[in-house]
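Student: File entry09.pdb follows (PDB, C-alpha atoms, pLDDT in the B column):
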```
MODEL        1
ATOM      1  CA  MET A   1     104.361  80.263 105.739  1.00 41.00           C
ATOM      2  CA  SER A   2     101.276  82.240 106.816  1.00 46.00           C
ATOM      3  CA  GLN A   3      98.707  83.161 104.205  1.00 54.00           C
ATOM      4  CA  PRO A   4      98.090  86.886 103.604  1.00 58.00           C
ATOM      5  CA  GLN A   5      94.881  88.187 105.116  1.00 70.00           C
ATOM      6  CA  PRO A   6      92.109  88.989 102.609  1.00 77.00           C
ATOM      7  CA  THR A   7      91.352  92.675 102.134  1.00 83.00           C
ATOM      8  CA  ASP A   8      88.314  93.845 104.083  1.00 89.00           C
ATOM      9  CA  TRP A   9      86.903  96.229 101.481  1.00 94.00           C
ATOM     10  CA  ARG A  10      83.767  96.937 103.511  1.00 95.00           C
ATOM     11  CA  ARG A  11      85.790  97.999 106.551  1.00 95.00           C
ATOM     12  CA  ILE A  12      87.987 100.282 104.415  1.00 96.00           C
ATOM     13  CA  ALA A  13      84.887 101.945 102.955  1.00 96.00           C
ATOM     14  CA  ALA A  14      83.206 102.321 106.363  1.00 95.00           C
ATOM     15  CA  ASP A  15      86.356 103.793 107.910  1.00 95.00           C
ATOM     16  CA  GLY A  16      86.815 106.339 105.139  1.00 95.00           C
ATOM     17  CA  ILE A  17      83.231 107.496 104.906  1.00 96.00           C
ATOM     18  CA  TRP A  18      82.145 107.321 108.546  1.00 95.00           C
ATOM     19  CA  ASN A  19      84.107 105.561 111.290  1.00 94.00           C
ATOM     20  CA  ASN A  20      87.484 107.221 110.662  1.00 94.00           C
ATOM     21  CA  ASN A  21      86.275 110.154 108.581  1.00 95.00           C
ATOM     22  CA  VAL A  22      88.974 112.759 107.974  1.00 94.00           C
ATOM     23  CA  VAL A  23      86.921 115.523 109.607  1.00 95.00           C
ATOM     24  CA  LEU A  24      84.321 113.865 111.816  1.00 94.00           C
ATOM     25  CA  GLY A  25      86.561 111.080 113.070  1.00 92.00           C
ATOM     26  CA  GLN A  26      90.082 112.520 112.975  1.00 91.00           C
ATOM     27  CA  ALA A  27      89.373 116.286 113.156  1.00 89.00           C
ATOM     28  CA  LEU A  28      91.910 116.970 110.394  1.00 90.00           C
ATOM     29  CA  ALA A  29      91.897 119.471 107.494  1.00 89.00           C
ATOM     30  CA  LEU A  30      89.739 121.895 109.473  1.00 90.00           C
ATOM     31  CA  CYS A  31      91.422 125.015 108.074  1.00 88.00           C
ATOM     32  CA  PRO A  32      90.406 124.515 104.410  1.00 87.00           C
ATOM     33  CA  LEU A  33      87.129 122.967 105.546  1.00 90.00           C
ATOM     34  CA  LEU A  34      86.015 126.115 107.340  1.00 90.00           C
ATOM     35  CA  ALA A  35      87.571 128.517 104.848  1.00 89.00           C
ATOM     36  CA  VAL A  36      86.053 127.329 101.569  1.00 90.00           C
ATOM     37  CA  THR A  37      82.659 125.924 102.571  1.00 92.00           C
ATOM     38  CA  ALA A  38      80.647 129.119 102.303  1.00 91.00           C
ATOM     39  CA  THR A  39      78.937 127.294  99.418  1.00 92.00           C
ATOM     40  CA  ALA A  40      78.451 123.660  98.505  1.00 94.00           C
ATOM     41  CA  THR A  41      80.071 124.311  95.120  1.00 93.00           C
ATOM     42  CA  ASN A  42      83.374 125.348  96.702  1.00 92.00           C
ATOM     43  CA  GLY A  43      83.271 122.340  99.008  1.00 93.00           C
ATOM     44  CA  LEU A  44      82.667 120.002  96.085  1.00 94.00           C
ATOM     45  CA  GLY A  45      85.562 121.471  94.101  1.00 92.00           C
ATOM     46  CA  LEU A  46      88.068 121.174  96.939  1.00 93.00           C
ATOM     47  CA  GLY A  47      86.750 117.725  97.856  1.00 94.00           C
ATOM     48  CA  LEU A  48      87.189 116.341  94.355  1.00 94.00           C
ATOM     49  CA  ALA A  49      90.723 117.758  94.129  1.00 94.00           C
ATOM     50  CA  SER A  50      91.622 116.257  97.520  1.00 95.00           C
ATOM     51  CA  THR A  51      90.079 112.907  96.572  1.00 96.00           C
ATOM     52  CA  LEU A  52      92.154 112.741  93.413  1.00 96.00           C
ATOM     53  CA  VAL A  53      95.350 113.502  95.343  1.00 96.00           C
ATOM     54  CA  MET A  54      94.516 110.978  98.084  1.00 96.00           C
ATOM     55  CA  THR A  55      93.808 108.201  95.583  1.00 97.00           C
ATOM     56  CA  LEU A  56      96.864 108.784  93.410  1.00 97.00           C
ATOM     57  CA  SER A  57      99.175 109.258  96.399  1.00 96.00           C
ATOM     58  CA  GLY A  58      97.983 105.937  97.798  1.00 96.00           C
ATOM     59  CA  VAL A  59      98.811 104.245  94.489  1.00 96.00           C
ATOM     60  CA  LEU A  60     102.270 105.814  94.162  1.00 96.00           C
ATOM     61  CA  VAL A  61     103.261 105.241  97.792  1.00 96.00           C
ATOM     62  CA  ALA A  62     102.182 101.609  97.558  1.00 95.00           C
ATOM     63  CA  LEU A  63     104.269 101.211  94.390  1.00 95.00           C
ATOM     64  CA  VAL A  64     107.473 102.646  95.895  1.00 93.00           C
ATOM     65  CA  ARG A  65     107.088 101.366  99.466  1.00 90.00           C
ATOM     66  CA  SER A  66     109.579  98.548  98.950  1.00 89.00           C
ATOM     67  CA  LEU A  67     112.157 100.953  97.478  1.00 91.00           C
ATOM     68  CA  VAL A  68     112.060 103.583 100.232  1.00 90.00           C
ATOM     69  CA  THR A  69     113.931 103.119 103.485  1.00 89.00           C
ATOM     70  CA  ALA A  70     112.304 103.956 106.800  1.00 86.00           C
ATOM     71  CA  GLU A  71     114.667 106.867 107.406  1.00 89.00           C
ATOM     72  CA  VAL A  72     113.567 108.854 104.351  1.00 92.00           C
ATOM     73  CA  ARG A  73     109.996 107.660 103.895  1.00 91.00           C
ATOM     74  CA  ILE A  74     108.305 110.841 105.191  1.00 92.00           C
ATOM     75  CA  PRO A  75     110.218 113.255 102.875  1.00 93.00           C
ATOM     76  CA  VAL A  76     109.560 110.914  99.954  1.00 94.00           C
ATOM     77  CA  PHE A  77     105.840 110.736 100.743  1.00 94.00           C
ATOM     78  CA  ILE A  78     105.635 114.533 101.022  1.00 94.00           C
ATOM     79  CA  LEU A  79     107.444 114.894  97.688  1.00 94.00           C
ATOM     80  CA  VAL A  80     105.012 112.489  96.016  1.00 95.00           C
ATOM     81  CA  ILE A  81     102.032 114.399  97.428  1.00 95.00           C
ATOM     82  CA  ALA A  82     103.557 117.750  96.421  1.00 95.00           C
ATOM     83  CA  VAL A  83     104.038 116.589  92.820  1.00 95.00           C
ATOM     84  CA  LEU A  84     100.421 115.404  92.615  1.00 95.00           C
ATOM     85  CA  VAL A  85      99.069 118.615  94.153  1.00 95.00           C
ATOM     86  CA  THR A  86     101.112 120.682  91.691  1.00 95.00           C
ATOM     87  CA  LEU A  87      99.630 118.735  88.769  1.00 95.00           C
ATOM     88  CA  VAL A  88      96.098 119.146  90.135  1.00 94.00           C
ATOM     89  CA  ASP A  89      96.704 122.867  90.745  1.00 94.00           C
ATOM     90  CA  LEU A  90      97.935 123.411  87.188  1.00 94.00           C
ATOM     91  CA  ALA A  91      95.056 121.376  85.735  1.00 93.00           C
ATOM     92  CA  MET A  92      92.442 123.338  87.693  1.00 91.00           C
ATOM     93  CA  ASN A  93      94.054 126.618  86.676  1.00 92.00           C
ATOM     94  CA  ALA A  94      93.870 125.545  83.044  1.00 92.00           C
ATOM     95  CA  TRP A  95      90.384 123.984  82.868  1.00 90.00           C
ATOM     96  CA  LEU A  96      88.516 125.245  85.958  1.00 87.00           C
ATOM     97  CA  HIS A  97      90.033 128.698  86.247  1.00 88.00           C
ATOM     98  CA  ASP A  98      87.091 130.358  88.021  1.00 87.00           C
ATOM     99  CA  LEU A  99      86.994 127.657  90.682  1.00 87.00           C
ATOM    100  CA  HIS A 100      90.785 127.859  90.982  1.00 88.00           C
ATOM    101  CA  LYS A 101      90.507 131.592  91.693  1.00 89.00           C
ATOM    102  CA  VAL A 102      87.873 130.996  94.390  1.00 85.00           C
ATOM    103  CA  LEU A 103      89.770 128.222  96.162  1.00 87.00           C
ATOM    104  CA  GLY A 104      93.043 130.093  95.767  1.00 83.00           C
ATOM    105  CA  LEU A 105      95.783 129.107  98.183  1.00 83.00           C
ATOM    106  CA  PHE A 106      93.872 126.132  99.546  1.00 87.00           C
ATOM    107  CA  ILE A 107      94.686 124.001  96.502  1.00 90.00           C
ATOM    108  CA  PRO A 108      98.488 124.148  97.037  1.00 89.00           C
ATOM    109  CA  LEU A 109      97.878 123.730 100.772  1.00 87.00           C
ATOM    110  CA  ILE A 110      96.505 120.232 100.106  1.00 90.00           C
ATOM    111  CA  VAL A 111     100.180 119.261 100.419  1.00 89.00           C
ATOM    112  CA  THR A 112     100.015 120.066 104.134  1.00 84.00           C
ATOM    113  CA  ASN A 113      96.805 118.103 104.692  1.00 86.00           C
ATOM    114  CA  CYS A 114      97.782 115.747 107.498  1.00 87.00           C
ATOM    115  CA  ALA A 115      95.114 113.263 106.432  1.00 90.00           C
ATOM    116  CA  ILE A 116      96.856 112.561 103.101  1.00 93.00           C
ATOM    117  CA  LEU A 117     100.278 112.078 104.655  1.00 92.00           C
ATOM    118  CA  GLY A 118      98.716 110.077 107.481  1.00 92.00           C
ATOM    119  CA  ARG A 119      97.054 107.603 105.117  1.00 93.00           C
ATOM    120  CA  ALA A 120     100.247 107.310 103.092  1.00 93.00           C
ATOM    121  CA  GLU A 121     102.180 106.436 106.243  1.00 92.00           C
ATOM    122  CA  SER A 122      99.639 104.287 108.073  1.00 93.00           C
ATOM    123  CA  PHE A 123      98.012 102.435 105.162  1.00 95.00           C
ATOM    124  CA  ALA A 124      99.512 102.852 101.685  1.00 94.00           C
ATOM    125  CA  SER A 125     103.082 102.170 102.855  1.00 93.00           C
ATOM    126  CA  ARG A 126     101.951  98.838 104.329  1.00 92.00           C
ATOM    127  CA  ASN A 127      99.464  97.537 101.760  1.00 94.00           C
ATOM    128  CA  PRO A 128      99.310  96.636  98.056  1.00 94.00           C
ATOM    129  CA  VAL A 129      98.247  99.046  95.337  1.00 95.00           C
ATOM    130  CA  LEU A 130      94.543  98.253  94.991  1.00 96.00           C
ATOM    131  CA  PRO A 131      93.660  98.440  98.700  1.00 96.00           C
ATOM    132  CA  SER A 132      95.733 101.635  98.984  1.00 96.00           C
ATOM    133  CA  ALA A 133      93.930 103.214  96.044  1.00 97.00           C
ATOM    134  CA  PHE A 134      90.566 102.186  97.476  1.00 97.00           C
ATOM    135  CA  ASP A 135      91.483 103.541 100.905  1.00 97.00           C
ATOM    136  CA  GLY A 136      92.495 106.887  99.404  1.00 96.00           C
ATOM    137  CA  LEU A 137      89.286 106.992  97.365  1.00 97.00           C
ATOM    138  CA  MET A 138      87.071 106.271 100.377  1.00 97.00           C
ATOM    139  CA  MET A 139      88.901 108.771 102.579  1.00 96.00           C
ATOM    140  CA  GLY A 140      88.528 111.357  99.829  1.00 96.00           C
ATOM    141  CA  ILE A 141      84.836 110.625  99.369  1.00 97.00           C
ATOM    142  CA  GLY A 142      84.262 110.916 103.116  1.00 97.00           C
ATOM    143  CA  PHE A 143      86.097 114.246 103.175  1.00 96.00           C
ATOM    144  CA  THR A 144      84.135 115.472 100.138  1.00 96.00           C
ATOM    145  CA  LEU A 145      80.802 114.516 101.686  1.00 97.00           C
ATOM    146  CA  VAL A 146      81.577 116.570 104.791  1.00 97.00           C
ATOM    147  CA  LEU A 147      82.764 119.526 102.686  1.00 96.00           C
ATOM    148  CA  VAL A 148      79.600 119.467 100.570  1.00 96.00           C
ATOM    149  CA  ALA A 149      77.295 118.906 103.558  1.00 96.00           C
ATOM    150  CA  LEU A 150      78.835 121.745 105.559  1.00 96.00           C
ATOM    151  CA  GLY A 151      78.837 124.042 102.527  1.00 96.00           C
ATOM    152  CA  ALA A 152      75.220 123.161 101.752  1.00 96.00           C
ATOM    153  CA  VAL A 153      74.057 123.885 105.310  1.00 96.00           C
ATOM    154  CA  ARG A 154      75.837 127.242 105.404  1.00 96.00           C
ATOM    155  CA  GLU A 155      74.673 128.194 101.918  1.00 95.00           C
ATOM    156  CA  ILE A 156      71.034 127.265 102.540  1.00 95.00           C
ATOM    157  CA  ILE A 157      70.855 129.147 105.833  1.00 95.00           C
ATOM    158  CA  GLY A 158      72.953 132.045 104.617  1.00 94.00           C
ATOM    159  CA  SER A 159      71.460 132.720 101.192  1.00 94.00           C
ATOM    160  CA  ALA A 160      68.723 130.086 100.551  1.00 94.00           C
ATOM    161  CA  THR A 161      70.554 128.722  97.508  1.00 94.00           C
ATOM    162  CA  LEU A 162      72.294 125.431  96.786  1.00 94.00           C
ATOM    163  CA  PHE A 163      75.333 124.941  94.538  1.00 93.00           C
ATOM    164  CA  ALA A 164      75.276 128.594  93.529  1.00 90.00           C
ATOM    165  CA  ASP A 165      77.460 129.414  90.495  1.00 87.00           C
ATOM    166  CA  ALA A 166      78.135 125.726  89.853  1.00 89.00           C
ATOM    167  CA  SER A 167      77.978 126.338  86.103  1.00 87.00           C
ATOM    168  CA  LEU A 168      80.636 129.070  86.371  1.00 80.00           C
ATOM    169  CA  LEU A 169      82.980 127.245  88.711  1.00 80.00           C
ATOM    170  CA  LEU A 170      82.584 123.629  87.580  1.00 81.00           C
ATOM    171  CA  GLY A 171      81.491 124.062  83.967  1.00 80.00           C
ATOM    172  CA  GLU A 172      78.201 124.469  82.096  1.00 84.00           C
ATOM    173  CA  SER A 173      77.406 120.756  82.526  1.00 83.00           C
ATOM    174  CA  MET A 174      76.906 121.366  86.260  1.00 83.00           C
ATOM    175  CA  ALA A 175      74.207 124.034  85.795  1.00 87.00           C
ATOM    176  CA  PHE A 176      71.521 121.513  86.807  1.00 88.00           C
ATOM    177  CA  LEU A 177      72.871 121.600  90.378  1.00 88.00           C
ATOM    178  CA  GLU A 178      71.991 125.269  90.910  1.00 92.00           C
ATOM    179  CA  LEU A 179      68.904 125.798  93.045  1.00 92.00           C
ATOM    180  CA  THR A 180      67.233 128.856  94.545  1.00 92.00           C
ATOM    181  CA  LEU A 181      65.190 127.613  97.483  1.00 92.00           C
ATOM    182  CA  ILE A 182      63.622 130.875  98.676  1.00 90.00           C
ATOM    183  CA  PRO A 183      63.389 133.771  96.187  1.00 90.00           C
ATOM    184  CA  ASP A 184      64.113 137.227  97.638  1.00 88.00           C
ATOM    185  CA  TYR A 185      65.599 135.691 100.769  1.00 91.00           C
ATOM    186  CA  PRO A 186      67.180 138.507 102.847  1.00 90.00           C
ATOM    187  CA  GLY A 187      70.122 136.315 103.862  1.00 88.00           C
ATOM    188  CA  PHE A 188      71.706 135.364 107.166  1.00 92.00           C
ATOM    189  CA  LEU A 189      75.279 136.623 107.069  1.00 91.00           C
ATOM    190  CA  LEU A 190      76.491 134.729 110.139  1.00 91.00           C
ATOM    191  CA  ALA A 191      76.048 131.387 108.386  1.00 93.00           C
ATOM    192  CA  ILE A 192      78.529 132.171 105.609  1.00 91.00           C
ATOM    193  CA  LEU A 193      81.082 133.842 107.882  1.00 91.00           C
ATOM    194  CA  PRO A 194      83.727 131.827 109.799  1.00 89.00           C
ATOM    195  CA  PRO A 195      81.689 131.739 113.054  1.00 91.00           C
ATOM    196  CA  GLY A 196      78.856 130.097 111.139  1.00 93.00           C
ATOM    197  CA  GLY A 197      81.272 127.471 109.872  1.00 93.00           C
ATOM    198  CA  PHE A 198      82.412 126.671 113.414  1.00 94.00           C
ATOM    199  CA  LEU A 199      78.823 126.404 114.632  1.00 95.00           C
ATOM    200  CA  ALA A 200      77.709 124.166 111.767  1.00 95.00           C
ATOM    201  CA  LEU A 201      80.751 121.919 112.160  1.00 95.00           C
ATOM    202  CA  GLY A 202      80.083 121.647 115.888  1.00 95.00           C
ATOM    203  CA  PHE A 203      76.530 120.460 115.249  1.00 95.00           C
ATOM    204  CA  MET A 204      77.813 117.918 112.694  1.00 96.00           C
ATOM    205  CA  LEU A 205      80.377 116.544 115.150  1.00 95.00           C
ATOM    206  CA  ALA A 206      77.734 116.326 117.862  1.00 96.00           C
ATOM    207  CA  GLY A 207      75.372 114.566 115.461  1.00 95.00           C
ATOM    208  CA  LYS A 208      77.967 111.945 114.588  1.00 96.00           C
ATOM    209  CA  ARG A 209      78.704 111.387 118.279  1.00 95.00           C
ATOM    210  CA  LEU A 210      74.999 110.880 119.014  1.00 96.00           C
ATOM    211  CA  ILE A 211      74.562 108.461 116.106  1.00 95.00           C
ATOM    212  CA  ASP A 212      77.644 106.440 117.103  1.00 95.00           C
ATOM    213  CA  THR A 213      76.469 106.285 120.719  1.00 95.00           C
ATOM    214  CA  ARG A 214      73.010 105.112 119.662  1.00 94.00           C
ATOM    215  CA  ARG A 215      74.471 102.456 117.364  1.00 92.00           C
ATOM    216  CA  ALA A 216      76.749 101.208 120.135  1.00 92.00           C
ATOM    217  CA  ARG A 217      73.778 100.879 122.495  1.00 92.00           C
ATOM    218  CA  ILE A 218      71.786  98.969 119.887  1.00 89.00           C
ATOM    219  CA  ARG A 219      74.696  96.572 119.315  1.00 88.00           C
ATOM    220  CA  ALA A 220      75.125  96.112 123.060  1.00 87.00           C
ATOM    221  CA  ARG A 221      71.431  95.289 123.467  1.00 84.00           C
ATOM    222  CA  GLY A 222      71.646  92.824 120.586  1.00 77.00           C
ATOM    223  CA  ALA A 223      74.660  91.116 122.112  1.00 75.00           C
ATOM    224  CA  THR A 224      72.928  90.903 125.500  1.00 76.00           C
ATOM    225  CA  ALA A 225      69.748  89.494 123.998  1.00 67.00           C
ATOM    226  CA  ALA A 226      71.552  86.941 121.814  1.00 60.00           C
ATOM    227  CA  PRO A 227      71.335  83.354 123.092  1.00 59.00           C
ATOM    228  CA  VAL A 228      74.500  81.896 124.554  1.00 52.00           C
TER
ENDMDL
END
```
Let me see the structure of the file written as structure tokens.
Tutor:
Amino acid sequence: MSQPQPTDWRRIAADGIWNNNVVLGQALALCPLLAVTATATNGLGLGLASTLVMTLSGVLVALVRSLVTAEVRIPVFILVIAVLVTLVDLAMNAWLHDLHKVLGLFIPLIVTNCAILGRAESFASRNPVLPSAFDGLMMGIGFTLVLVALGAVREIIGSATLFADASLLLGESMAFLELTLIPDYPGFLLAILPPGGFLALGFMLAGKRLIDTRRARIRARGATAAPV
């Protein structure tokens, strides 16, 4: 009997945060990404909600994977995700009401995020609970980092602030995040409008491509220079 392969935690983390990033690697969840990232605060709020759903859905799918037949697995996975999103939506409405009003429809639409269903199908349904939870966490963190980075770029260029209204949307404990970089900044409206989101995302995708290409060349040089 063959021994089970040990879990490659480093690879799971690298895939979620960089190599197979939800946005930069898979080009998924672009609709909420571009819609809510006018500020870094909005991106952080949606990212944390998505991370929670990804992690918990990975755990639940891994727990029920042996009980669900192949014919009905997709509806079951969608139902699990929908239940979790409903709980997150109700919790945000109760305790983070201002942020819930800003994000609006994009919280319930987490259900339709192909990245969550994709990880449930491709990873959580084929792996134990802990690796599935870790995979969901890393995918969520990678998604959150892109949301915050894109929101920060647009907010800085558009209004010269960072994490504006964080104390109102995320609670008074987050007031330390609020920064005004340039007082009396006239603003650059294009950056916080949808075209600005497309432009900023394009530069981020190009940057990742350049970094990956450079890393591949460095590895190739190292392999060529290594003694046989």
Student: Evaluate the PyMOL selection byres ((chain A and resi 76-90) around 9) on the structure here and hand back the selected residues as a PyMOL selection string.
Tutor: chain A and resi 49-50+52-54+56-57+60-61+68+72-75+91-95+100+107-112+116-117+120-121
Student: Considering only C-alpha atoms, return as a list of chain:residue names whatever protein or nucleic-acid residues lie within 10 Å of Gly196 (chain A), sequence-local ones (same chain, fewer than 4 positions apart) excluded.
Tutor: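 Here the qualifying residues turn out to be A:Leu34, A:Ala38, A:Val153, A:Arg154, A:Ile157, A:Gly158, A:Phe188, A:Leu189, A:Leu190, A:Ala191, A:Ile192, A:Ala200, A:Leu201, A:Gly202.
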Student: Compile the contact shell of region 125-129 of chain A as a PDB file with C-alpha atoms, in the coordinates of the input: residues with an atom at most 9 Å away, counting all atoms listed in the file, same-chain residues fewer than 2 positions apart removed.
Tutor:
```
ATOM      1  CA  GLY A  58      97.983 105.937  97.798  1.00 96.00           C
ATOM      2  CA  VAL A  59      98.811 104.245  94.489  1.00 96.00           C
ATOM      3  CA  LEU A  60     102.270 105.814  94.162  1.00 96.00           C
ATOM      4  CA  VAL A  61     103.261 105.241  97.792  1.00 96.00           C
ATOM      5  CA  ALA A  62     102.182 101.609  97.558  1.00 95.00           C
ATOM      6  CA  LEU A  63     104.269 101.211  94.390  1.00 95.00           C
ATOM      7  CA  VAL A  64     107.473 102.646  95.895  1.00 93.00           C
ATOM      8  CA  ARG A  65     107.088 101.366  99.466  1.00 90.00           C
ATOM      9  CA  SER A  66     109.579  98.548  98.950  1.00 89.00           C
ATOM     10  CA  ARG A  73     109.996 107.660 103.895  1.00 91.00           C
ATOM     11  CA  ARG A 119      97.054 107.603 105.117  1.00 93.00           C
ATOM     12  CA  ALA A 120     100.247 107.310 103.092  1.00 93.00           C
ATOM     13  CA  GLU A 121     102.180 106.436 106.243  1.00 92.00           C
ATOM     14  CA  SER A 122      99.639 104.287 108.073  1.00 93.00           C
ATOM     15  CA  PHE A 123      98.012 102.435 105.162  1.00 95.00           C
ATOM     16  CA  PRO A 131      93.660  98.440  98.700  1.00 96.00           C
ATOM     17  CA  SER A 132      95.733 101.635  98.984  1.00 96.00           C
ATOM     18  CA  ALA A 133      93.930 103.214  96.044  1.00 97.00           C
ATOM     19  CA  PHE A 134      90.566 102.186  97.476  1.00 97.00           C
TER      20      PHE A 134
END
```
Student: Give me the residues within 7 Å of region 179-183 of chain A as a PyMOL selection string, counting only C-alpha atoms and dropping any in the same chain fewer than 2 places off.
Tutor: chain A and resi 160-164+177+185
Student: Kindly list the centre and edge lengths in Å, rounded to one decimal, for the axis-aligned box that covers all listed atoms of region 91-103 of chain A plus 3 Å on each of its six sides, as lines of an AutoDock Vina configuration file.
Tutor:
```
center_x = 91.0
center_y = 126.5
center_z = 89.5
size_x = 14.1
size_y = 16.2
size_z = 19.3
```
Student: A:Thr224, A:Thr7, A:Gln26, A:Asn113: which is nearest Thr51 (chain A), counting all atoms listed in the file?
Tutor: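 The answer is A:Asn113, which sits nearest to Thr51 (chain A).
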Student: A:Met204, A:Leu44, A:Ala124, A:Leu137: which is nearest Leu169 (chain A), counting all atoms listed in the file?
Tutor: A:Leu44
Student: Do a neighbour search on Asn21 (chain A) at 10 Å with only C-alpha atoms, toss out local chain neighbours closer than 3 positions, and write the hits as a PyMOL selection string.
Tutor: chain A and resi 14-18+24-28+115+138-143+145-146
Student: Any chance you could resolve the PyMOL selection byres ((chain A and resi 148) around 9) against this file and give the residues as a PyMOL selection string?
Tutor: chain A and resi 37+39-44+47+143-147+149-153
Student: So the first atom is CA of Ser159 (chain A) and the second is CA of Asp184 (chain A); what is the distance between them in Å, to one decimal place?
Tutor: 9.3 Å
Student: Could you please determine the separation between CA of Leu46 (chain A) and CA of Phe106 (chain A) in Å, to one decimal place?
Tutor: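 CA of Phe106 (chain A) lies 8.1 Å from CA of Leu46 (chain A).
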Student: Save region 19-35 of chain A to a file: N, CA, C and O atoms, as a PDB file, in the first residue's frame.
Tutor:
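Heads up, here's the output in part_17.pdb:
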```
ATOM      1  N   ASN A  19       1.853  32.499  -7.195  1.00  0.00           N
ATOM      2  CA  ASN A  19       1.901  31.721  -8.439  1.00  0.00           C
ATOM      3  C   ASN A  19       0.533  31.528  -9.082  1.00  0.00           C
ATOM      4  O   ASN A  19       0.377  31.642 -10.301  1.00  0.00           O
ATOM      5  N   ASN A  20      -0.471  31.179  -8.250  1.00  0.00           N
ATOM      6  CA  ASN A  20      -1.815  30.916  -8.760  1.00  0.00           C
ATOM      7  C   ASN A  20      -2.817  31.880  -8.128  1.00  0.00           C
ATOM      8  O   ASN A  20      -3.950  31.508  -7.830  1.00  0.00           O
ATOM      9  N   ASN A  21      -2.370  33.115  -7.937  1.00  0.00           N
ATOM     10  CA  ASN A  21      -3.201  34.133  -7.303  1.00  0.00           C
ATOM     11  C   ASN A  21      -4.552  34.258  -8.010  1.00  0.00           C
ATOM     12  O   ASN A  21      -4.626  34.184  -9.240  1.00  0.00           O
ATOM     13  N   VAL A  22      -5.601  34.431  -7.223  1.00  0.00           N
ATOM     14  CA  VAL A  22      -6.955  34.481  -7.772  1.00  0.00           C
ATOM     15  C   VAL A  22      -7.071  35.507  -8.897  1.00  0.00           C
ATOM     16  O   VAL A  22      -7.667  35.238  -9.948  1.00  0.00           O
ATOM     17  N   VAL A  23      -6.484  36.678  -8.708  1.00  0.00           N
ATOM     18  CA  VAL A  23      -6.590  37.748  -9.702  1.00  0.00           C
ATOM     19  C   VAL A  23      -5.421  37.723 -10.678  1.00  0.00           C
ATOM     20  O   VAL A  23      -5.606  37.652 -11.898  1.00  0.00           O
ATOM     21  N   LEU A  24      -4.210  37.760 -10.158  1.00  0.00           N
ATOM     22  CA  LEU A  24      -3.034  37.910 -11.014  1.00  0.00           C
ATOM     23  C   LEU A  24      -2.686  36.639 -11.766  1.00  0.00           C
ATOM     24  O   LEU A  24      -2.076  36.706 -12.837  1.00  0.00           O
ATOM     25  N   GLY A  25      -3.063  35.490 -11.218  1.00  0.00           N
ATOM     26  CA  GLY A  25      -2.743  34.232 -11.872  1.00  0.00           C
ATOM     27  C   GLY A  25      -3.902  33.609 -12.619  1.00  0.00           C
ATOM     28  O   GLY A  25      -3.710  32.991 -13.672  1.00  0.00           O
ATOM     29  N   GLN A  26      -5.128  33.758 -12.078  1.00  0.00           N
ATOM     30  CA  GLN A  26      -6.292  33.116 -12.670  1.00  0.00           C
ATOM     31  C   GLN A  26      -7.252  34.092 -13.350  1.00  0.00           C
ATOM     32  O   GLN A  26      -8.163  33.669 -14.062  1.00  0.00           O
ATOM     33  N   ALA A  27      -7.058  35.402 -13.094  1.00  0.00           N
ATOM     34  CA  ALA A  27      -7.935  36.439 -13.660  1.00  0.00           C
ATOM     35  C   ALA A  27      -9.393  36.194 -13.312  1.00  0.00           C
ATOM     36  O   ALA A  27     -10.290  36.329 -14.150  1.00  0.00           O
ATOM     37  N   LEU A  28      -9.662  35.837 -12.049  1.00  0.00           N
ATOM     38  CA  LEU A  28     -11.016  35.622 -11.570  1.00  0.00           C
ATOM     39  C   LEU A  28     -11.422  36.757 -10.627  1.00  0.00           C
ATOM     40  O   LEU A  28     -10.587  37.517 -10.152  1.00  0.00           O
ATOM     41  N   ALA A  29     -12.723  36.844 -10.350  1.00  0.00           N
ATOM     42  CA  ALA A  29     -13.277  37.828  -9.405  1.00  0.00           C
ATOM     43  C   ALA A  29     -12.958  39.262  -9.815  1.00  0.00           C
ATOM     44  O   ALA A  29     -12.781  40.138  -8.967  1.00  0.00           O
ATOM     45  N   LEU A  30     -12.882  39.531 -11.108  1.00  0.00           N
ATOM     46  CA  LEU A  30     -12.535  40.867 -11.566  1.00  0.00           C
ATOM     47  C   LEU A  30     -13.671  41.871 -11.367  1.00  0.00           C
ATOM     48  O   LEU A  30     -13.421  43.065 -11.177  1.00  0.00           O
ATOM     49  N   CYS A  31     -14.912  41.411 -11.407  1.00  0.00           N
ATOM     50  CA  CYS A  31     -16.040  42.330 -11.249  1.00  0.00           C
ATOM     51  C   CYS A  31     -16.031  43.002  -9.878  1.00  0.00           C
ATOM     52  O   CYS A  31     -16.000  44.240  -9.795  1.00  0.00           O
ATOM     53  N   PRO A  32     -16.043  42.261  -8.765  1.00  0.00           N
ATOM     54  CA  PRO A  32     -15.971  42.941  -7.464  1.00  0.00           C
ATOM     55  C   PRO A  32     -14.641  43.648  -7.259  1.00  0.00           C
ATOM     56  O   PRO A  32     -14.583  44.691  -6.597  1.00  0.00           O
ATOM     57  N   LEU A  33     -13.571  43.090  -7.814  1.00  0.00           N
ATOM     58  CA  LEU A  33     -12.260  43.720  -7.672  1.00  0.00           C
ATOM     59  C   LEU A  33     -12.272  45.154  -8.186  1.00  0.00           C
ATOM     60  O   LEU A  33     -11.832  46.085  -7.506  1.00  0.00           O
ATOM     61  N   LEU A  34     -12.795  45.339  -9.388  1.00  0.00           N
ATOM     62  CA  LEU A  34     -12.790  46.670  -9.992  1.00  0.00           C
ATOM     63  C   LEU A  34     -13.874  47.572  -9.410  1.00  0.00           C
ATOM     64  O   LEU A  34     -13.738  48.795  -9.401  1.00  0.00           O
ATOM     65  N   ALA A  35     -14.938  46.973  -8.905  1.00  0.00           N
ATOM     66  CA  ALA A  35     -16.071  47.768  -8.434  1.00  0.00           C
ATOM     67  C   ALA A  35     -15.844  48.376  -7.061  1.00  0.00           C
ATOM     68  O   ALA A  35     -16.305  49.496  -6.802  1.00  0.00           O
TER      69      ALA A  35
END
```
